[in-house]
Structures are given as structure tokens and as C-alpha cells.
>>> print(open('entry.pdb').read())   # PDB, C-alpha atoms
ATOM      1  CA  MET N 384       0.000   0.000   0.000
ATOM      2  CA  ARG N 385       1.469   3.401  -1.024
ATOM      3  CA  LEU N 386       0.550   6.681   0.568
ATOM      4  CA  SER N 387       0.914  10.043  -1.073
ATOM      5  CA  LEU N 388       1.517  12.733   1.565
ATOM      6  CA  SER N 389       0.915  16.391   0.855
ATOM      7  CA  ARG N 390       3.192  19.173   2.081
ATOM      8  CA  GLY N 391       0.956  19.664   5.096
ATOM      9  CA  ASN N 392       1.212  15.948   5.964
ATOM     10  CA  VAL N 393      -2.513  15.491   5.493
ATOM     11  CA  ALA N 394      -4.126  13.012   3.167
ATOM     12  CA  PRO N 395      -7.948  13.058   3.204
ATOM     13  CA  SER N 396      -8.477   9.333   3.127
ATOM     14  CA  VAL N 397      -7.111   6.036   1.858
ATOM     15  CA  LYS N 398      -8.358   2.481   1.668
ATOM     16  CA  ALA N 399      -6.857  -0.036   4.048
ATOM     17  CA  GLN N 400      -7.997  -3.644   4.024
ATOM     18  CA  GLY N 401     -11.456  -2.677   2.843
ATOM     19  CA  ARG N 402     -11.981   0.040   5.461
ATOM     20  CA  ALA N 403     -11.810   3.806   5.080
ATOM     21  CA  ALA N 404      -8.737   5.249   6.772
ATOM     22  CA  VAL N 405      -7.604   8.759   7.548
ATOM     23  CA  GLN N 406      -4.310  10.399   8.420
ATOM     24  CA  ASP N 407      -3.663  12.766  11.278
ATOM     25  CA  ARG N 408      -1.714  16.012  10.814
ATOM     26  CA  PHE N 409       1.574  14.165  11.290
ATOM     27  CA  GLY N 410       0.860  11.706   8.489
ATOM     28  CA  ASN N 411       0.071   8.777  10.794
ATOM     29  CA  LEU N 412      -2.459   6.379   9.337
ATOM     30  CA  ILE N 413      -5.571   5.824  11.452
ATOM     31  CA  ILE N 414      -7.720   2.818  10.604
ATOM     32  CA  PRO N 415     -10.925   2.675  12.635
ATOM     33  CA  ASN N 416     -12.074  -0.589  14.145
ATOM     34  CA  GLN N 417     -15.047  -2.069  12.375
ATOM     35  CA  HIS N 418     -18.232  -0.931  14.139
ATOM     36  CA  ASP N 419     -21.571  -0.523  12.486
ATOM     37  CA  ALA N 420     -22.587   2.631  14.352
ATOM     38  CA  TYR N 421     -19.248   4.424  14.538
ATOM     39  CA  ALA N 422     -17.042   3.198  11.684
ATOM     40  CA  GLY N 423     -14.789   6.018  10.487
ATOM     41  CA  ARG N 424     -15.745   8.290  13.387
ATOM     42  CA  VAL N 425     -13.199   7.473  16.081
ATOM     43  CA  ASN N 426     -11.231  10.082  17.997
ATOM     44  CA  ASP N 427      -8.418  11.630  15.950
ATOM     45  CA  LEU N 428      -5.944  11.408  18.833
ATOM     46  CA  GLY N 429      -6.060  15.177  19.228
ATOM     47  CA  GLN N 430      -8.755  15.278  21.904
ATOM     48  CA  ASP N 431      -8.584  14.124  25.506
ATOM     49  CA  LEU N 432     -11.307  12.057  27.125
ATOM     50  CA  GLU N 433     -13.551  14.292  29.252
ATOM     51  CA  LEU N 434     -14.061  13.068  32.807
ATOM     52  CA  ARG N 435     -17.483  14.727  32.869
ATOM     53  CA  LEU N 436     -18.663  12.460  30.039
ATOM     54  CA  VAL N 437     -17.273   9.420  31.830
ATOM     55  CA  ARG N 438     -19.132  10.393  35.007
ATOM     56  CA  TYR N 439     -22.367  10.857  33.053
ATOM     57  CA  PHE N 440     -21.960   7.388  31.567
ATOM     58  CA  THR N 441     -21.364   5.737  34.960
ATOM     59  CA  VAL N 442     -24.502   7.364  36.369
ATOM     60  CA  VAL N 443     -26.624   6.194  33.423
ATOM     61  CA  ALA N 444     -25.139   2.715  33.801
ATOM     62  CA  ALA N 445     -25.985   2.727  37.528
ATOM     63  CA  HIS N 446     -29.606   3.782  36.984
ATOM     64  CA  GLN N 447     -30.059   1.842  33.715
ATOM     65  CA  HIS N 448     -32.407   4.655  32.746
ATOM     66  CA  PHE N 449     -31.712   8.033  31.088
ATOM     67  CA  GLY N 450     -34.572   9.815  32.837
ATOM     68  CA  ARG N 451     -33.539   8.820  36.354
ATOM     69  CA  ALA N 452     -29.876   9.512  35.585
ATOM     70  CA  ALA N 453     -30.731  12.973  34.242
ATOM     71  CA  ALA N 454     -32.663  13.781  37.421
ATOM     72  CA  ASP N 455     -29.754  12.587  39.575
ATOM     73  CA  LEU N 456     -27.287  14.705  37.594
ATOM     74  CA  HIS N 457     -29.593  17.740  37.455
ATOM     75  CA  VAL N 458     -29.384  17.943  33.662
ATOM     76  CA  ALA N 459     -32.038  17.730  30.964
ATOM     77  CA  GLN N 460     -32.508  14.249  29.500
ATOM     78  CA  PRO N 461     -31.904  15.338  25.867
ATOM     79  CA  ALA N 462     -28.676  17.033  26.910
ATOM     80  CA  LEU N 463     -27.564  13.886  28.750
ATOM     81  CA  SER N 464     -28.297  11.772  25.678
ATOM     82  CA  ARG N 465     -26.170  14.088  23.538
ATOM     83  CA  GLN N 466     -23.263  13.890  25.981
ATOM     84  CA  ILE N 467     -23.383  10.089  25.973
ATOM     85  CA  GLN N 468     -23.362  10.181  22.171
ATOM     86  CA  ARG N 469     -20.274  12.421  22.314
ATOM     87  CA  LEU N 470     -18.534   9.869  24.514
ATOM     88  CA  GLU N 471     -19.512   7.011  22.215
ATOM     89  CA  LYS N 472     -18.243   8.931  19.191
ATOM     90  CA  HIS N 473     -14.988   9.669  20.994
ATOM     91  CA  LEU N 474     -14.481   5.988  21.852
ATOM     92  CA  GLY N 475     -15.740   4.713  18.516
ATOM     93  CA  ALA N 476     -18.185   2.250  20.048
ATOM     94  CA  ARG N 477     -21.748   2.169  21.292
ATOM     95  CA  LEU N 478     -21.841   1.834  25.071
ATOM     96  CA  LEU N 479     -25.581   1.719  25.789
ATOM     97  CA  ASP N 480     -28.617   0.230  24.101
ATOM     98  CA  ARG N 481     -32.089   1.556  24.830
ATOM     99  CA  THR N 482     -34.728  -0.981  25.897
ATOM    100  CA  PRO N 483     -38.438  -0.657  26.733
ATOM    101  CA  GLN N 484     -37.436  -0.744  30.420
ATOM    102  CA  GLY N 485     -34.579   1.765  30.110
ATOM    103  CA  THR N 486     -31.025   1.065  28.988
ATOM    104  CA  ARG N 487     -28.511  -1.761  29.126
ATOM    105  CA  LEU N 488     -24.783  -1.945  28.617
ATOM    106  CA  THR N 489     -23.413  -3.199  25.320
ATOM    107  CA  PRO N 490     -20.343  -5.459  25.420
ATOM    108  CA  ALA N 491     -18.251  -2.342  24.834
ATOM    109  CA  GLY N 492     -20.070  -0.610  27.694
ATOM    110  CA  GLN N 493     -19.408  -3.545  30.012
ATOM    111  CA  THR N 494     -15.731  -3.315  29.140
ATOM    112  CA  PHE N 495     -15.547   0.444  29.609
ATOM    113  CA  LEU N 496     -17.581   0.754  32.831
ATOM    114  CA  PRO N 497     -15.019  -0.588  35.361
ATOM    115  CA  ARG N 498     -12.241   1.291  33.604
ATOM    116  CA  GLY N 499     -14.274   4.484  33.615
ATOM    117  CA  GLN N 500     -15.000   4.073  37.321
ATOM    118  CA  ALA N 501     -11.318   3.507  37.997
ATOM    119  CA  LEU N 502     -10.489   6.612  35.962
ATOM    120  CA  LEU N 503     -12.875   8.758  38.016
ATOM    121  CA  GLN N 504     -11.526   7.307  41.248
ATOM    122  CA  ALA N 505      -7.944   8.006  40.179
ATOM    123  CA  ALA N 506      -8.867  11.593  39.291
ATOM    124  CA  ARG N 507     -10.549  12.034  42.662
ATOM    125  CA  GLN N 508      -7.538  10.635  44.513
ATOM    126  CA  ALA N 509      -5.219  12.935  42.561
ATOM    127  CA  GLU N 510      -7.400  15.919  43.496
ATOM    128  CA  LEU N 511      -7.421  14.913  47.152
ATOM    129  CA  ALA N 512      -3.655  14.415  47.215
ATOM    130  CA  VAL N 513      -3.055  17.892  45.835
ATOM    131  CA  ARG N 514      -5.622  19.472  48.138
ATOM    132  CA  GLU N 515      -3.995  17.913  51.188
ATOM    133  CA  GLN N 516      -0.670  19.456  50.192
ATOM    134  CA  ALA N 517      -2.064  22.845  49.302
ATOM    135  CA  GLU N 518      -1.322  25.662  51.685
ATOM    136  CA  THR N 519      -4.262  27.816  50.562
ATOM    137  CA  GLU N 520      -7.314  27.785  52.811
ATOM    138  CA  ARG N 521     -10.098  25.981  51.001
ATOM    139  CA  ILE N 522     -13.321  24.150  51.659
ATOM    140  CA  ALA N 523     -15.965  22.331  49.624
ATOM    141  CA  ILE N 524     -19.447  22.661  51.115
ATOM    142  CA  GLY N 525     -22.223  20.272  50.186
ATOM    143  CA  TYR N 526     -25.870  21.146  50.658
ATOM    144  CA  VAL N 527     -28.910  18.994  50.107
ATOM    145  CA  GLU N 528     -32.104  19.405  48.093
ATOM    146  CA  ASP N 529     -33.943  22.694  48.736
ATOM    147  CA  LEU N 530     -31.718  24.172  51.456
ATOM    148  CA  VAL N 531     -30.357  27.657  50.737
ATOM    149  CA  ILE N 532     -26.919  28.298  52.238
ATOM    150  CA  THR N 533     -26.082  31.518  50.378
ATOM    151  CA  ALA N 534     -25.969  33.631  53.542
ATOM    152  CA  ALA N 535     -23.435  31.316  55.213
ATOM    153  CA  VAL N 536     -21.216  31.151  52.129
ATOM    154  CA  ARG N 537     -21.327  34.928  51.699
ATOM    155  CA  GLU N 538     -20.433  35.457  55.360
ATOM    156  CA  LEU N 539     -17.573  32.942  55.152
ATOM    157  CA  ARG N 540     -16.175  34.715  52.082
ATOM    158  CA  ARG N 541     -16.460  38.063  53.861
ATOM    159  CA  ARG N 542     -14.473  36.747  56.805
ATOM    160  CA  TYR N 543     -11.891  34.896  54.670
ATOM    161  CA  PRO N 544     -11.631  36.705  51.320
ATOM    162  CA  ASP N 545      -8.522  34.785  50.215
ATOM    163  CA  ALA N 546      -9.967  31.332  50.886
ATOM    164  CA  GLU N 547     -11.134  29.062  48.068
ATOM    165  CA  ILE N 548     -14.756  28.198  48.822
ATOM    166  CA  ALA N 549     -16.739  25.844  46.604
ATOM    167  CA  THR N 550     -20.314  24.592  46.957
ATOM    168  CA  ARG N 551     -21.919  21.422  45.626
ATOM    169  CA  HIS N 552     -25.641  20.759  45.395
ATOM    170  CA  LEU N 553     -26.400  17.137  46.318
ATOM    171  CA  SER N 554     -29.438  14.931  46.071
ATOM    172  CA  CYS N 555     -30.693  13.277  49.243
ATOM    173  CA  ARG N 556     -29.183   9.992  48.015
ATOM    174  CA  ASP N 557     -25.723  11.518  47.679
ATOM    175  CA  VAL N 558     -24.869  12.349  51.284
ATOM    176  CA  GLY N 559     -22.028   9.827  50.877
ATOM    177  CA  ALA N 560     -20.127  12.709  49.280
ATOM    178  CA  LEU N 561     -18.971  13.558  52.803
ATOM    179  CA  SER N 562     -17.627  10.082  53.514
ATOM    180  CA  ASP N 563     -15.738   9.809  50.206
ATOM    181  CA  LYS N 564     -14.282  13.323  50.643
ATOM    182  CA  ARG N 565     -15.953  15.037  47.721
ATOM    183  CA  VAL N 566     -17.049  17.671  50.231
ATOM    184  CA  ASP N 567     -15.505  18.757  53.515
ATOM    185  CA  ALA N 568     -18.766  19.698  55.217
ATOM    186  CA  LEU N 569     -22.431  19.004  54.581
ATOM    187  CA  ILE N 570     -25.492  21.078  55.460
ATOM    188  CA  ALA N 571     -28.593  18.893  55.465
ATOM    189  CA  ARG N 572     -31.667  17.875  57.416
ATOM    190  CA  ALA N 573     -31.289  15.255  60.138
ATOM    191  CA  PRO N 574     -31.414  12.331  60.517
ATOM    192  CA  LEU N 575     -28.689  11.272  58.082
ATOM    193  CA  PRO N 576     -27.445   7.765  57.210
ATOM    194  CA  LEU N 577     -24.031   8.537  58.697
ATOM    195  CA  ALA N 578     -22.536   6.833  61.742
ATOM    196  CA  ASP N 579     -22.188   9.107  64.781
ATOM    197  CA  ASP N 580     -18.681   7.766  65.349
ATOM    198  CA  ASP N 581     -17.606   9.035  61.917
ATOM    199  CA  VAL N 582     -18.986  12.572  61.907
ATOM    200  CA  SER N 583     -19.221  15.710  64.012
ATOM    201  CA  THR N 584     -22.685  17.293  63.998
ATOM    202  CA  THR N 585     -23.590  20.907  64.732
ATOM    203  CA  PRO N 586     -27.295  21.832  64.941
ATOM    204  CA  LEU N 587     -28.060  25.053  63.056
ATOM    205  CA  TYR N 588     -31.812  25.587  63.369
ATOM    206  CA  GLU N 589     -35.155  23.786  63.574
ATOM    207  CA  GLU N 590     -38.251  23.935  61.384
ATOM    208  CA  PRO N 591     -41.849  23.013  62.193
ATOM    209  CA  ARG N 592     -43.518  20.485  59.911
ATOM    210  CA  MET N 593     -46.486  20.861  57.601
ATOM    211  CA  LEU N 594     -48.919  18.501  55.932
ATOM    212  CA  VAL N 595     -49.181  18.605  52.135
ATOM    213  CA  VAL N 596     -52.432  17.323  50.603
ATOM    214  CA  PRO N 597     -54.243  17.785  47.283
ATOM    215  CA  ARG N 598     -57.085  20.268  46.986
ATOM    216  CA  GLY N 599     -60.354  18.592  47.923
ATOM    217  CA  HIS N 600     -58.720  16.333  50.529
ATOM    218  CA  PRO N 601     -60.724  16.118  53.821
ATOM    219  CA  LEU N 602     -57.846  17.841  55.669
ATOM    220  CA  ALA N 603     -57.203  20.552  53.080
ATOM    221  CA  ASP N 604     -59.486  23.156  54.726
ATOM    222  CA  ARG N 605     -58.275  22.564  58.287
ATOM    223  CA  ALA N 606     -56.463  25.368  60.135
ATOM    224  CA  SER N 607     -54.106  22.715  61.523
ATOM    225  CA  VAL N 608     -53.813  19.000  62.222
ATOM    226  CA  THR N 609     -52.158  17.115  65.054
ATOM    227  CA  ALA N 610     -49.467  14.461  64.905
ATOM    228  CA  GLU N 611     -51.899  12.094  66.645
ATOM    229  CA  GLU N 612     -54.344  12.397  63.740
ATOM    230  CA  LEU N 613     -51.632  11.185  61.382
ATOM    231  CA  ALA N 614     -50.402   8.379  63.636
ATOM    232  CA  GLY N 615     -52.611   5.787  61.974
ATOM    233  CA  GLU N 616     -51.388   6.552  58.453
ATOM    234  CA  GLU N 617     -49.051   4.008  56.895
ATOM    235  CA  ALA N 618     -45.645   5.505  56.035
ATOM    236  CA  ALA N 619     -43.915   4.662  52.767
ATOM    237  CA  PRO N 620     -40.562   2.885  53.191
ATOM    238  CA  CYS N 621     -37.605   5.233  53.668
ATOM    239  CA  ALA N 622     -34.327   5.011  51.787
ATOM    240  CA  PHE N 623     -32.584   4.287  55.122
ATOM    241  CA  GLU N 624     -33.732   3.051  58.503
ATOM    242  CA  THR N 625     -34.051   5.531  61.358
ATOM    243  CA  ALA N 626     -35.772   5.638  64.712
ATOM    244  CA  ASP N 627     -36.634   9.315  64.239
ATOM    245  CA  TRP N 628     -38.985  11.057  61.853
ATOM    246  CA  THR N 629     -37.350  11.408  58.467
ATOM    247  CA  SER N 630     -37.130  14.824  56.813
ATOM    248  CA  TYR N 631     -39.814  13.890  54.307
ATOM    249  CA  ARG N 632     -42.606  11.428  55.097
ATOM    250  CA  ILE N 633     -44.983  10.032  52.509
ATOM    251  CA  LEU N 634     -48.135   8.569  54.044
ATOM    252  CA  GLY N 635     -50.508   6.204  52.309
ATOM    253  CA  ALA N 636     -51.398   2.543  52.097
ATOM    254  CA  GLY N 637     -49.337   0.479  49.674
ATOM    255  CA  VAL N 638     -47.051   3.328  48.602
ATOM    256  CA  PRO N 639     -43.749   1.900  47.260
ATOM    257  CA  PRO N 640     -40.303   3.372  47.989
ATOM    258  CA  ILE N 641     -39.846   6.531  45.922
ATOM    259  CA  ALA N 642     -36.482   8.146  45.235
ATOM    260  CA  SER N 643     -37.419  11.280  43.314
ATOM    261  CA  TYR N 644     -38.890  14.239  45.202
ATOM    262  CA  GLU N 645     -40.907  15.186  42.124
ATOM    263  CA  ASP N 646     -42.412  11.707  41.986
ATOM    264  CA  LYS N 647     -43.406  12.048  45.646
ATOM    265  CA  LEU N 648     -45.242  15.287  44.939
ATOM    266  CA  GLU N 649     -46.918  13.689  41.942
ATOM    267  CA  LEU N 650     -48.291  10.941  44.173
ATOM    268  CA  VAL N 651     -49.670  13.557  46.539
ATOM    269  CA  ALA N 652     -51.129  15.672  43.749
ATOM    270  CA  SER N 653     -52.878  12.625  42.277
ATOM    271  CA  GLY N 654     -54.495  11.813  45.646
ATOM    272  CA  GLU N 655     -52.606   8.549  46.184
ATOM    273  CA  ALA N 656     -50.710   9.790  49.259
ATOM    274  CA  ILE N 657     -50.166  12.735  51.598
ATOM    275  CA  ALA N 658     -46.825  14.176  52.681
ATOM    276  CA  VAL N 659     -45.222  15.637  55.801
ATOM    277  CA  LEU N 660     -42.521  18.205  54.973
ATOM    278  CA  PRO N 661     -40.487  20.858  56.795
ATOM    279  CA  VAL N 662     -42.076  24.282  56.448
ATOM    280  CA  GLY N 663     -38.835  25.565  54.949
ATOM    281  CA  ASP N 664     -39.303  23.384  51.887
ATOM    282  CA  ARG N 665     -41.359  25.573  49.572
ATOM    283  CA  ARG N 666     -41.170  23.390  46.477
ATOM    284  CA  SER N 667     -44.705  22.106  47.026
ATOM    285  CA  SER N 668     -45.976  25.695  46.671
ATOM    286  CA  LEU N 669     -44.927  25.614  43.022
ATOM    287  CA  ARG N 670     -47.756  23.167  42.298
ATOM    288  CA  PRO N 671     -51.169  24.906  42.317
ATOM    289  CA  GLY N 672     -53.051  21.697  43.138
ATOM    290  CA  LEU N 673     -51.432  21.244  46.566
ATOM    291  CA  VAL N 674     -52.410  22.698  49.954
ATOM    292  CA  THR N 675     -50.250  22.957  53.098
ATOM    293  CA  VAL N 676     -51.623  22.604  56.656
ATOM    294  CA  PRO N 677     -49.576  23.231  59.849
ATOM    295  CA  ILE N 678     -48.985  20.186  62.069
ATOM    296  CA  LYS N 679     -49.123  20.524  65.855
ATOM    297  CA  GLY N 680     -47.305  18.117  68.140
ATOM    298  CA  ALA N 681     -44.870  16.806  65.516
ATOM    299  CA  PRO N 682     -41.134  16.791  66.241
ATOM    300  CA  SER N 683     -39.271  19.614  64.545
ATOM    301  CA  SER N 684     -37.104  19.036  61.511
ATOM    302  CA  GLN N 685     -33.495  19.902  62.321
ATOM    303  CA  VAL N 686     -30.989  21.404  59.891
ATOM    304  CA  VAL N 687     -27.424  20.445  60.798
ATOM    305  CA  LEU N 688     -23.850  20.913  59.660
ATOM    306  CA  VAL N 689     -21.806  17.715  59.627
ATOM    307  CA  SER N 690     -18.133  17.065  58.941
ATOM    308  CA  ARG N 691     -15.795  14.094  59.178
ATOM    309  CA  LYS N 692     -14.326  13.515  62.619
ATOM    310  CA  GLY N 693     -10.611  14.187  62.713
ATOM    311  CA  ASN N 694     -10.608  16.443  59.639
ATOM    312  CA  PRO N 695      -7.918  19.058  60.441
ATOM    313  CA  ASN N 696      -9.203  21.611  57.903
ATOM    314  CA  PRO N 697      -9.538  24.891  59.884
ATOM    315  CA  MET N 698     -12.137  26.172  57.422
ATOM    316  CA  ILE N 699     -14.676  23.708  58.844
ATOM    317  CA  ARG N 700     -14.665  25.502  62.188
ATOM    318  CA  ASN N 701     -14.834  28.818  60.356
ATOM    319  CA  LEU N 702     -17.849  27.628  58.367
ATOM    320  CA  ARG N 703     -19.511  26.382  61.552
ATOM    321  CA  LEU N 704     -19.210  29.815  63.160
ATOM    322  CA  ALA N 705     -20.403  31.639  60.050
ATOM    323  CA  ALA N 706     -23.374  29.303  59.535
ATOM    324  CA  LYS N 707     -24.524  29.569  63.147
ATOM    325  CA  ALA N 708     -24.315  33.350  62.912
ATOM    326  CA  VAL N 709     -26.474  33.833  59.804
ATOM    327  CA  LEU N 710     -28.537  30.723  59.032
ATOM    328  CA  THR N 711     -31.922  30.796  60.724
ATOM    329  CA  GLY N 712     -35.063  28.792  60.196
ATOM    330  CA  PRO N 713     -38.032  30.151  58.239
ATOM    331  CA  LYS N 714     -41.163  31.212  60.013
ATOM    332  CA  ALA N 715     -44.000  28.697  60.049
TER     333      ALA N 715
END
>>> encode(input="entry.pdb", output="C-alpha cells")
Amino acid sequence: MRLSLSRGNVAPSVKAQGRAAVQDRFGNLIIPNQHDAYAGRVNDLGQDLELRLVRYFTVVAAHQHFGRAAADLHVAQPALSRQIQRLEKHLGARLLDRTPQGTRLTPAGQTFLPRGQALLQAARQAELAVREQAETERIAIGYVEDLVITAAVRELRRRYPDAEIATRHLSCRDVGALSDKRVDALIARAPLPLADDDVSTTPLYEEPRMLVVPRGHPLADRASVTAEELAGEEAAPCAFETADWTSYRILGAGVPPIASYEDKLELVASGEAIAVLPVGDRRSSLRPGLVTVPIKGAPSSQVVLVSRKGNPNPMIRNLRLAAKAVLTGPKA
């Protein structure tokens, strides 16, 4: 096989063993692997693999469903699909097949998944190693669901203008970000699925609870209800076991475990369940078909700041002081 190279060391294409081939800008011959969906479209060796795309793929693989993965990642489903297609084009192989139930890994996806997970873990360990050696004051603050921590972050930056302060919004299922050191501190509602021996907890403020029901429900026109009136309602299974009231309680017979907050509200709006929420969570007010009723006699919902025990980062103490100074609970 003879190749004719131009002065710029670029030849548009050649034939190699029955497959279209291209040359990079150095004149190196690139012959793509045979693949029905991506033949001739592999990476040209001039682009690096994006960790963000790898993370998106691992989340889709974990959920086996684009919709649930998009909700977990806080991105639109069409945008997530396009990013997965970018990754597949980069690798030159299809990683996921859509099924009526969701998605499943292709053989190429099964091969790439453990390597992608190892790549993300290696990147995280490299980040942690550098952060531990850095002399600059820095902190990563996680916060969960609807909580607004802007006042605490602003106050911390006012007190320490040279510090590097980052925030990360987390879903309620991602509180493990504290344990695996993606965040240094976490502001969330108690109780949390974290062992007391592993974390230090600082209470910040408490919130009363409210009942959320659909319009037309027998309790919708009440000025208030009591915890005793709700005692006979069957509670939907929680994502983790706890002896205390969870932050969000879904009440109704035969209600299955539900991960998505939006799906919980949909159950309530459709009349299949009722919900008990902290009064500080105003997301239910965005749905016109829902009504909130104060609850008397229910234990308060507590917002806390937690950090890993033994973490020497001085910015954690600084955050604790700033948060206690400016974060207060909403009025019922």
C-alpha cells in the first residue's frame, strides 16, 4: 500500500484492508475498528477524554435509565443523551442500548464501565492528594435538596476573602459525598445515614412540619392538624432506617419506595398519598393543586452541619461559626 503525503502531511483518506482510513496532521495512518454505528468516526488522537462524560456514563449505567440519571445529575434528558453520544463517538463504540425498560450496557459498555469508574476514582484521589498538600485555605461545602446556604457562604467569604470556597448541590441519596471526601462539610436535614462515630454534627436551626395534601382532601381546609391524627397513616418505606422522623414522610397505604422528590409530589397531587414536609421546603408551593396545613405536636425538623471527625481543615470551624451566625429557620 502506497501513501501520497501532501506538504501539510494530510491526506484526506485512503483504503486499508477494505476500510476507510484517515491520516492525522503528522501523516500517521488511522484505521478505525469495524463498528456498524461508529465506523470512520473514532477520535483523531487530538482530543482528551472528558471526565465529565465518563461520570455521566457511569450514572446512566448505575440507573439503567436516562430519565432517572438525568434527574440525579440535574441535567435535561436530551442534553444527557447528547453527551453520551459524544462519549460514544470519541471511543468509537456504542456503550448503551435503549430498551423498553430503560437502557442496558453493550459489550463495549461492560468493558468500559469498570475502567471508567477507575479513571474517576484516580482523578478524585489525585485531586485529594493535591488538596492535602495545598497551603491555601479551602473548603468544599455540600448542601442537600432545597436548602439555601447563600448567607453562610457569603459570610464565610467576607471573613476569609482569600480562601477558596466551593459549593456542591447534592441529592438526598448523595450524602455519601462527605464520607468519600468530595465535600468537607455538609449542610442537610437530620437524621442522616451517617454513623455518629464518623462525623461531628452541629445543629443550626429547627423547622416546624407541615402537611401537604391535594385540593379537595378532607384535611385541606383545616387550620391545623395534630401528629396524633396522622399516627394511623401508613408511612412509605424510607431510603434508610431511622428511629426518628425522616425529613420527608410520605403517608398512604401500599405506597412503594420513591427516590425522586418530584415523583413524591406527583403521588400527593394525584391523591394517592399525603406528605409531611419541613415548612422551609417551599417546592410544594410551586404546584397549584397542593395545599399545606400546619402540624401541631410533631417533632421539629433539624438542619445540621456535619463534617468528618478528625478532619484538620480549619475552614470547617470557620464555616460552623459563620453558619450559626447567619442561618436561621423560616417562620412557620
>>> closest_residue(input="entry.pdb", among="N:Ala571, N:Val558, N:Ala454, N:Leu488", to="Thr585 in chain N", atoms="only C-alpha atoms")
N:Ala571
>>> atom_distance(input="entry.pdb", atom1="CA of Val674 in chain N", atom2="CA of Ala603 in chain N")
6.1 Å
>>> closest_residue(input="entry.pdb", among="N:Ala506, N:His552, N:Ser643, N:Ala476", to="Gly450 in chain N", atoms="only C-alpha atoms")
N:Ser643
>>> closest_residue(input="entry.pdb", among="N:Leu569, N:Ile633, N:Leu470, N:Ala681", to="Thr609 in chain N", atoms="all atoms listed in the file")
N:Ala681
>>> residues_around(input="entry.pdb", residues="Arg487 in chain N", least_positions_apart="6", cutoff="8 Å", atoms="only C-alpha atoms", output="PyMOL selection string")
chain N and resi 444+447+479-481
>>> closest_residue(input="entry.pdb", among="N:Glu433, N:Asp664, N:Asp455, N:Glu520", to="Tyr631 in chain N", atoms="only C-alpha atoms")
N:Asp664
>>> atom_distance(input="entry.pdb", atom1="CA of Pro713 in chain N", atom2="CA of Leu456 in chain N")
27.9 Å
>>> closest_residue(input="entry.pdb", among="N:Val595, N:Ala706, N:Leu602, N:Val443", to="Leu673 in chain N", atoms="only C-alpha atoms")
N:Val595
>>> atom_distance(input="entry.pdb", atom1="CA of Val437 in chain N", atom2="CA of Arg521 in chain N")
26.3 Å
>>> resolve_selection(input="entry.pdb", expression="the PyMOL selection byres ((chain N and resi 580) around 12)", output="JSON, numbers by chain")
{"N": [576, 577, 578, 579, 581, 582, 583, 584, 689, 690, 691, 692, 693]}
>>> resolve_selection(input="entry.pdb", expression="the PyMOL selection byres ((chain N and resi 464) around 12)", output="MDAnalysis selection string")
chainID N and resid 436 439:440 443 448:450 452:453 458:463 465:471 478:481 486
>>> closest_residue(input="entry.pdb", among="N:Val596, N:Glu538, N:Gly635, N:Val651", to="Gly615 in chain N", atoms="only C-alpha atoms")
N:Gly635
>>> residues_near_point(input="entry.pdb", point="(-31.1, 33.4, 57.2)", cutoff="12 Å", atoms="all atoms listed in the file", output="list of chain:residue names")
N:Leu530, N:Val531, N:Ile532, N:Thr533, N:Ala534, N:Ala535, N:Val536, N:Arg537, N:Glu538, N:Leu587, N:Tyr588, N:Gly663, N:Ala705, N:Ala706, N:Lys707, N:Ala708, N:Val709, N:Leu710, N:Thr711, N:Gly712, N:Pro713, N:Lys714
>>> write_last_selection(input="entry.pdb", atoms="C-alpha atoms", output="tab-separated table (two decimals), in the coordinates of the input")
chain	number	residue	atom	x	y	z
N	530	LEU	CA	-31.72	24.17	51.46
N	531	VAL	CA	-30.36	27.66	50.74
N	532	ILE	CA	-26.92	28.30	52.24
N	533	THR	CA	-26.08	31.52	50.38
N	534	ALA	CA	-25.97	33.63	53.54
N	535	ALA	CA	-23.44	31.32	55.21
N	536	VAL	CA	-21.22	31.15	52.13
N	537	ARG	CA	-21.33	34.93	51.70
N	538	GLU	CA	-20.43	35.46	55.36
N	587	LEU	CA	-28.06	25.05	63.06
N	588	TYR	CA	-31.81	25.59	63.37
N	663	GLY	CA	-38.84	25.56	54.95
N	705	ALA	CA	-20.40	31.64	60.05
N	706	ALA	CA	-23.37	29.30	59.54
N	707	LYS	CA	-24.52	29.57	63.15
N	708	ALA	CA	-24.32	33.35	62.91
N	709	VAL	CA	-26.47	33.83	59.80
N	710	LEU	CA	-28.54	30.72	59.03
N	711	THR	CA	-31.92	30.80	60.72
N	712	GLY	CA	-35.06	28.79	60.20
N	713	PRO	CA	-38.03	30.15	58.24
N	714	LYS	CA	-41.16	31.21	60.01
>>> resolve_selection(input="entry.pdb", expression="the PyMOL selection byres ((chain N and resi 527) around 7)", output="ChimeraX atom specification")
/N:525-526,528-530,552-555,570-571
>>> decode(input="entry.pdb", residues="range 659-670 of chain N", atoms="N, CA and C atoms", output="compact mmCIF listing (two decimals), in the first residue's frame")
# COMPACT_ATOMS: atom_id res chain seq x y z
N VAL N 659 -45.63 14.80 54.68
CA VAL N 659 -45.22 15.64 55.80
C VAL N 659 -43.85 16.20 55.46
N LEU N 660 -43.75 17.55 55.39
CA LEU N 660 -42.52 18.21 54.97
C LEU N 660 -42.14 19.29 55.98
N PRO N 661 -40.87 19.68 56.00
CA PRO N 661 -40.49 20.86 56.79
C PRO N 661 -41.10 22.11 56.17
N VAL N 662 -41.46 23.07 57.00
CA VAL N 662 -42.08 24.28 56.45
C VAL N 662 -41.10 25.07 55.59
N GLY N 663 -39.81 24.85 55.76
CA GLY N 663 -38.83 25.56 54.95
C GLY N 663 -38.76 25.08 53.52
N ASP N 664 -39.31 23.92 53.25
CA ASP N 664 -39.30 23.38 51.89
C ASP N 664 -40.51 23.94 51.15
N ARG N 665 -40.27 24.89 50.27
CA ARG N 665 -41.36 25.57 49.57
C ARG N 665 -41.61 25.01 48.18
N ARG N 666 -40.99 23.90 47.84
CA ARG N 666 -41.17 23.39 46.48
C ARG N 666 -42.60 22.95 46.20
N SER N 667 -43.31 22.52 47.24
CA SER N 667 -44.71 22.11 47.03
C SER N 667 -45.58 23.29 46.63
N SER N 668 -45.17 24.52 47.00
CA SER N 668 -45.98 25.70 46.67
C SER N 668 -45.94 26.01 45.19
N LEU N 669 -45.00 25.40 44.46
CA LEU N 669 -44.93 25.61 43.02
C LEU N 669 -46.01 24.86 42.26
N ARG N 670 -46.69 23.95 42.94
CA ARG N 670 -47.76 23.17 42.30
C ARG N 670 -49.10 23.71 42.78
